[in-house]
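I have placed the structure first, in the form of structure tokens, so that the comments after it can refer back to it.
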Amino acid sequence: MSDLALDQFIQSETSFITDTEEIVDILYEMQTVYFYDNSALSPHEMAYNKHHDLLFHTYSENAPILITDTIANEMRIMEDQAYRYLSYLSNFRKVLYVKEENLIDLLKVDYEVTAARRKFLIASEKAFMSIQWLKERVKESKRSFSTAEKVILCSYQSFFSENNNENRGELSLIWASTILEQLPGNIRVNFVGIDHDLYVFVERSYFSEKVNPFSNQIYILSNDTLLQSYYRNTTDYKALASLIPIHRYPNRKTRFHLKVNKVLNLNQQKKKITNEDFQRLLSNEEIEIIY
């Protein structure tokens with residue numbers, strides 16, 4: 001779909017919040033936001049339309065969610081003639097919509113152009129830590145400072161065009177998060193996904209450095225962590241049993257720590273867990289889900 005067609009659709013058919021200043025004001029007011037990757041959004045939409053389930057919506061407690069134009073493209077939102085995605089997203093009070101080409105505008109709300117551009121360069125270099133070629137293009141763009149954001153965006157688009165847009169959705173969310181890190185507000189960023197690539201990108205950008213204060217504001221959620229949170233809050237064993245088949249994929253590897261006598265084993269594991277074992281481990285408090 002063309003960028004223009006998507007823009008027109010977002011403006012005419014959705015209630016997404018697109019105004020940059022309004023988005024920044026909401027982030028400052030709410031101090032938390034959920035970055036919704038399509039790897040989670042798509043199955044959550046299916047759970048809602050098939051089972052009327054709103055597990056993540058309940059967890060988010062009316063905090064804003066944020067998607068990028070790449071996520072909207074991955075949703076194929078314009079081809080969704082039944083409006084399944086929009087029906088699901090209408091449950092959220094505030095859906096923030098940010099285009100990749102407008103990310104720098106979030107910084108221009110609080111900073112003059114030169115300072116915004118400097119912070120954009122810092123954010124971009126951090127966002128692309130997992131892609132050496134893009135990281136090098138960011139460094140090179142500093143030599144043409146007055147047009148740096150255009151050089152970076154062009155390189156970004158070129159890279160993903162040549163690589164069939166693989167992992168572009170995850171990277172667009174990482175990029176948006178590193179932009180928020182440069183804002184003066186104290187904003188908690190929660191990534192919501194299922195794809196392990198998202199976890200790897202978040203880990204490399206935020207938890208591979210020795211000291212990174214903003215890492216304390218970064219969280220990552222999967223369906224398994226949502227289920228564990230639900231059970232801890234409700235201790236409703238029957239409800240958990242009904243939710244697990246809806247939200248779990250036993251062939252997907254789970255990142256977790258085991259507990260022995262409620263003491264955490266610091267050895268992180270990543271492996272498949274059957275639904276039966278998952279329910280047992282949760283109910284017996286023998287596991288701490290990471291992702």
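Just so we're on the same page: first chain in the structure tokens is A, next is B, and so on; residues restart at 1 for each chain, and ligands are numbered from 1 in the order they show up.
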Proximity check range 165-231 of chain A to range 21-34 of chain A, 7 Å, nearest pairs one decimal Å, only C-alpha atoms, as JSON lines:
```
{"residue": "A:Gly185", "atom": "CA", "partner": "A:Tyr28", "partner_atom": "CA", "distance": 5.9}
{"residue": "A:Asn186", "atom": "CA", "partner": "A:Gln31", "partner_atom": "CA", "distance": 6.3}
{"residue": "A:Ile187", "atom": "CA", "partner": "A:Gln31", "partner_atom": "CA", "distance": 4.5}
{"residue": "A:Arg188", "atom": "CA", "partner": "A:Thr32", "partner_atom": "CA", "distance": 4.4}
{"residue": "A:Val189", "atom": "CA", "partner": "A:Val33", "partner_atom": "CA", "distance": 5.3}
{"residue": "A:Asn190", "atom": "CA", "partner": "A:Tyr34", "partner_atom": "CA", "distance": 4.7}
{"residue": "A:Phe191", "atom": "CA", "partner": "A:Tyr34", "partner_atom": "CA", "distance": 5.8}
{"residue": "A:Val192", "atom": "CA", "partner": "A:Tyr34", "partner_atom": "CA", "distance": 6.7}
```
As a compact mmCIF listing (two decimals) with N, CA, C and O atoms, in the first residue's frame, please: the residues near range 83-99 of chain A (cut-off 9 Å, only C-alpha atoms, same-chain neighbours under 3 positions excluded).
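Resulting contents of selection01.txt:
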```txt
# COMPACT_ATOMS: atom_id res chain seq x y z
N ILE A 10 -5.75 6.18 7.83
CA ILE A 10 -5.59 6.42 9.27
C ILE A 10 -6.40 7.65 9.69
O ILE A 10 -7.06 7.65 10.74
N GLU A 13 -10.49 6.70 8.81
CA GLU A 13 -11.16 5.50 9.30
C GLU A 13 -10.83 5.12 10.73
O GLU A 13 -11.40 4.17 11.27
N THR A 14 -9.88 5.81 11.35
CA THR A 14 -9.49 5.44 12.71
C THR A 14 -9.57 6.65 13.63
O THR A 14 -9.68 7.79 13.19
N SER A 15 -9.47 6.35 14.91
CA SER A 15 -9.39 7.42 15.92
C SER A 15 -7.99 7.48 16.51
O SER A 15 -7.80 8.00 17.62
N PHE A 16 -7.02 6.96 15.79
CA PHE A 16 -5.63 7.00 16.25
C PHE A 16 -5.19 8.46 16.47
O PHE A 16 -5.57 9.35 15.70
N ILE A 17 -4.39 8.67 17.47
CA ILE A 17 -3.85 9.99 17.75
C ILE A 17 -2.56 10.16 16.96
O ILE A 17 -1.60 9.41 17.15
N THR A 18 -2.54 11.14 16.06
CA THR A 18 -1.40 11.32 15.15
C THR A 18 -0.67 12.63 15.36
O THR A 18 0.45 12.80 14.86
N ASP A 19 -1.28 13.58 16.07
CA ASP A 19 -0.65 14.88 16.28
C ASP A 19 0.55 14.73 17.22
O ASP A 19 0.41 14.22 18.34
N THR A 20 1.71 15.19 16.77
CA THR A 20 2.95 14.98 17.52
C THR A 20 2.90 15.61 18.91
O THR A 20 3.27 14.96 19.90
N ILE A 23 0.66 13.64 21.19
CA ILE A 23 1.29 12.38 21.58
C ILE A 23 2.27 12.60 22.72
O ILE A 23 2.26 11.88 23.73
N ILE A 26 0.51 13.36 25.99
CA ILE A 26 -0.08 12.15 26.57
C ILE A 26 1.01 11.31 27.26
O ILE A 26 0.81 10.79 28.36
N LEU A 41 0.01 -8.31 18.62
CA LEU A 41 -1.25 -7.64 18.25
C LEU A 41 -2.15 -8.57 17.44
O LEU A 41 -3.36 -8.65 17.69
N SER A 42 -1.57 -9.28 16.49
CA SER A 42 -2.37 -10.14 15.63
C SER A 42 -3.07 -11.26 16.40
O SER A 42 -4.29 -11.43 16.27
N HIS A 44 -3.73 -11.30 19.56
CA HIS A 44 -4.65 -10.68 20.51
C HIS A 44 -5.95 -10.27 19.81
O HIS A 44 -7.03 -10.39 20.39
N GLU A 45 -5.81 -9.79 18.58
CA GLU A 45 -7.02 -9.48 17.79
C GLU A 45 -7.84 -10.73 17.56
O GLU A 45 -9.07 -10.71 17.68
N MET A 46 -7.17 -11.83 17.23
CA MET A 46 -7.88 -13.09 17.00
C MET A 46 -8.58 -13.57 18.27
O MET A 46 -9.72 -14.05 18.23
N TYR A 48 -9.66 -11.75 20.68
CA TYR A 48 -10.80 -10.87 20.94
C TYR A 48 -11.99 -11.21 20.05
O TYR A 48 -13.12 -11.35 20.53
N ASN A 49 -11.73 -11.35 18.76
CA ASN A 49 -12.83 -11.58 17.83
C ASN A 49 -13.39 -13.00 17.90
O ASN A 49 -14.55 -13.22 17.58
N LEU A 54 -9.87 -10.07 26.33
CA LEU A 54 -9.10 -8.83 26.35
C LEU A 54 -8.01 -8.89 27.44
O LEU A 54 -7.87 -7.98 28.26
N HIS A 57 -5.51 -5.94 27.22
CA HIS A 57 -6.22 -4.68 27.50
C HIS A 57 -6.44 -4.52 28.99
O HIS A 57 -6.25 -3.42 29.55
N ASN A 62 -5.77 0.91 30.70
CA ASN A 62 -6.06 2.16 29.97
C ASN A 62 -4.85 3.03 29.67
O ASN A 62 -5.00 4.21 29.32
N ALA A 63 -3.66 2.49 29.81
CA ALA A 63 -2.47 3.22 29.38
C ALA A 63 -2.47 3.29 27.86
O ALA A 63 -3.06 2.44 27.18
N PRO A 64 -1.81 4.28 27.27
CA PRO A 64 -1.78 4.37 25.81
C PRO A 64 -0.94 3.26 25.19
O PRO A 64 0.02 2.77 25.80
N ILE A 65 -1.32 2.85 24.00
CA ILE A 65 -0.49 1.94 23.22
C ILE A 65 0.04 2.72 22.02
O ILE A 65 -0.56 3.70 21.59
N LEU A 66 1.17 2.29 21.51
CA LEU A 66 1.79 2.98 20.38
C LEU A 66 2.12 1.99 19.28
O LEU A 66 2.67 0.91 19.53
N ILE A 67 1.75 2.37 18.06
CA ILE A 67 2.14 1.60 16.88
C ILE A 67 2.76 2.55 15.86
O ILE A 67 2.50 3.75 15.89
N THR A 68 3.58 2.01 14.99
CA THR A 68 4.20 2.80 13.93
C THR A 68 3.51 2.49 12.60
O THR A 68 2.70 1.55 12.51
N ASP A 69 3.86 3.25 11.57
CA ASP A 69 3.29 2.97 10.25
C ASP A 69 3.71 1.60 9.74
O ASP A 69 2.96 0.93 9.02
N THR A 70 4.91 1.14 10.13
CA THR A 70 5.33 -0.21 9.74
C THR A 70 4.44 -1.26 10.38
O THR A 70 4.05 -2.23 9.72
N ALA A 72 1.34 -0.84 11.24
CA ALA A 72 0.05 -0.75 10.53
C ALA A 72 0.12 -1.48 9.20
O ALA A 72 -0.84 -2.15 8.79
N MET A 75 -0.05 -5.15 9.77
CA MET A 75 -1.43 -5.54 10.09
C MET A 75 -2.28 -5.65 8.82
O MET A 75 -3.37 -6.23 8.87
N ILE A 77 -3.87 -3.26 7.52
CA ILE A 77 -5.06 -2.65 8.08
C ILE A 77 -6.05 -2.19 7.02
O ILE A 77 -7.27 -2.23 7.22
N MET A 78 -5.54 -1.78 5.85
CA MET A 78 -6.44 -1.32 4.79
C MET A 78 -7.13 -2.48 4.08
O MET A 78 -8.18 -2.29 3.46
N GLU A 79 -6.55 -3.67 4.17
CA GLU A 79 -7.16 -4.84 3.53
C GLU A 79 -8.15 -5.55 4.46
O GLU A 79 -8.83 -6.48 4.04
N ASP A 80 -8.21 -5.11 5.69
CA ASP A 80 -9.06 -5.73 6.71
C ASP A 80 -10.48 -5.21 6.55
O ASP A 80 -10.94 -4.34 7.28
N ASN A 102 8.53 10.69 10.89
CA ASN A 102 8.20 11.80 11.79
C ASN A 102 8.75 11.62 13.20
O ASN A 102 8.41 12.41 14.10
N LEU A 103 9.59 10.61 13.39
CA LEU A 103 10.10 10.37 14.74
C LEU A 103 10.86 11.57 15.30
O LEU A 103 10.73 11.90 16.48
N ALA A 176 11.60 4.06 17.96
CA ALA A 176 10.69 4.98 18.66
C ALA A 176 11.03 5.05 20.15
O ALA A 176 10.98 6.12 20.76
```
Practice prompt. Find the residue from A:Tyr219, A:Phe35, A:Tyr231, A:Phe9 that sits nearest to Glu170 in chain A; use only C-alpha atoms when measuring.
Written response: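 Distance minimum relative to Glu170 in chain A lands on A:Phe35.
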Discussion item. As number ranges by chain, please: every residue in range 100-203 of chain A that a backbone DSSP assignment puts in alpha helix (DSSP H).
Written reply: A: 103-108, 113-127, 132-141, 148-162, 168-181, 196-203
Practice prompt. Find the spatial neighbours of Glu181 in chain A, counting only C-alpha atoms, within a cut-off of 12 Å - ignore same-chain residues fewer than 4 positions away - and output them as JSON, numbers by chain.
Written response: {"A": [27, 106, 107, 119, 120, 122, 123, 124, 126, 127, 174, 175, 176, 177, 185, 186, 187, 188, 189, 205, 206, 212, 213, 214, 215, 216, 217, 218]}
Discussion item. As an exercise, work out the distance from CA of Leu134 in chain A to CA of Asp110 in chain A in Å and give it to one decimal place.
Written reply: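 Between CA of Leu134 in chain A and CA of Asp110 in chain A the gap works out to 26.5 Å.
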Item to complete: Show which residues sit within 12 Å of Asn284 in chain A, as a PyMOL selection string. Count only C-alpha atoms, and ignore same-chain residues fewer than 6 positions away.
Response: chain A and resi 228+231-232+235+237+258-262+277-278
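Using only C-alpha atoms, the shortest contact distance between Gln268 in chain A and any of A:Ile290, A:Leu226, A:Ile71, A:Leu171 is found at A:Ile290.
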Practice prompt. Would you mind writing down, as a list in words, each residue of range 22-72 of chain A that DSSP on the backbone assigns to strand (DSSP E or B)?
Written response: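 Listing strand (DSSP E or B) positions across range 22-72 of chain A yields Thr32, Val33, Tyr34, Phe35, Tyr36, Ile65, Leu66, Ile67 and Thr68 of chain A.
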Discussion item. Excluding range 197-199 of chain A and its own-chain neighbours fewer than 3 positions away, which residues fall within 8 Å of it when counting only C-alpha atoms? Please give them as a list in words.
Written reply: Asn167, Glu170, Leu171, Gly193, Ile194, Val202, Glu203, Ile220 and Tyr291 of chain A
Discussion item. Quick check, in Å to one decimal: how far apart do CA of Ala116 in chain A and CA of Glu149 in chain A lie?
Written reply: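 According to the coordinates, CA of Ala116 in chain A and CA of Glu149 in chain A are separated by 10.1 Å.
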Worksheet item: Distance CA of Glu61 in chain A-CA of Thr178 in chain A, one decimal place?
Response: 23.8 Å
Worksheet entry | Nearest to Ala115 in chain A, chosen from A:Phe256, A:Phe145, A:Tyr59, A:Tyr156, with only C-alpha atoms counted in the distances |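 Using only C-alpha atoms, Ala115 in chain A sits closest to A:Phe145.
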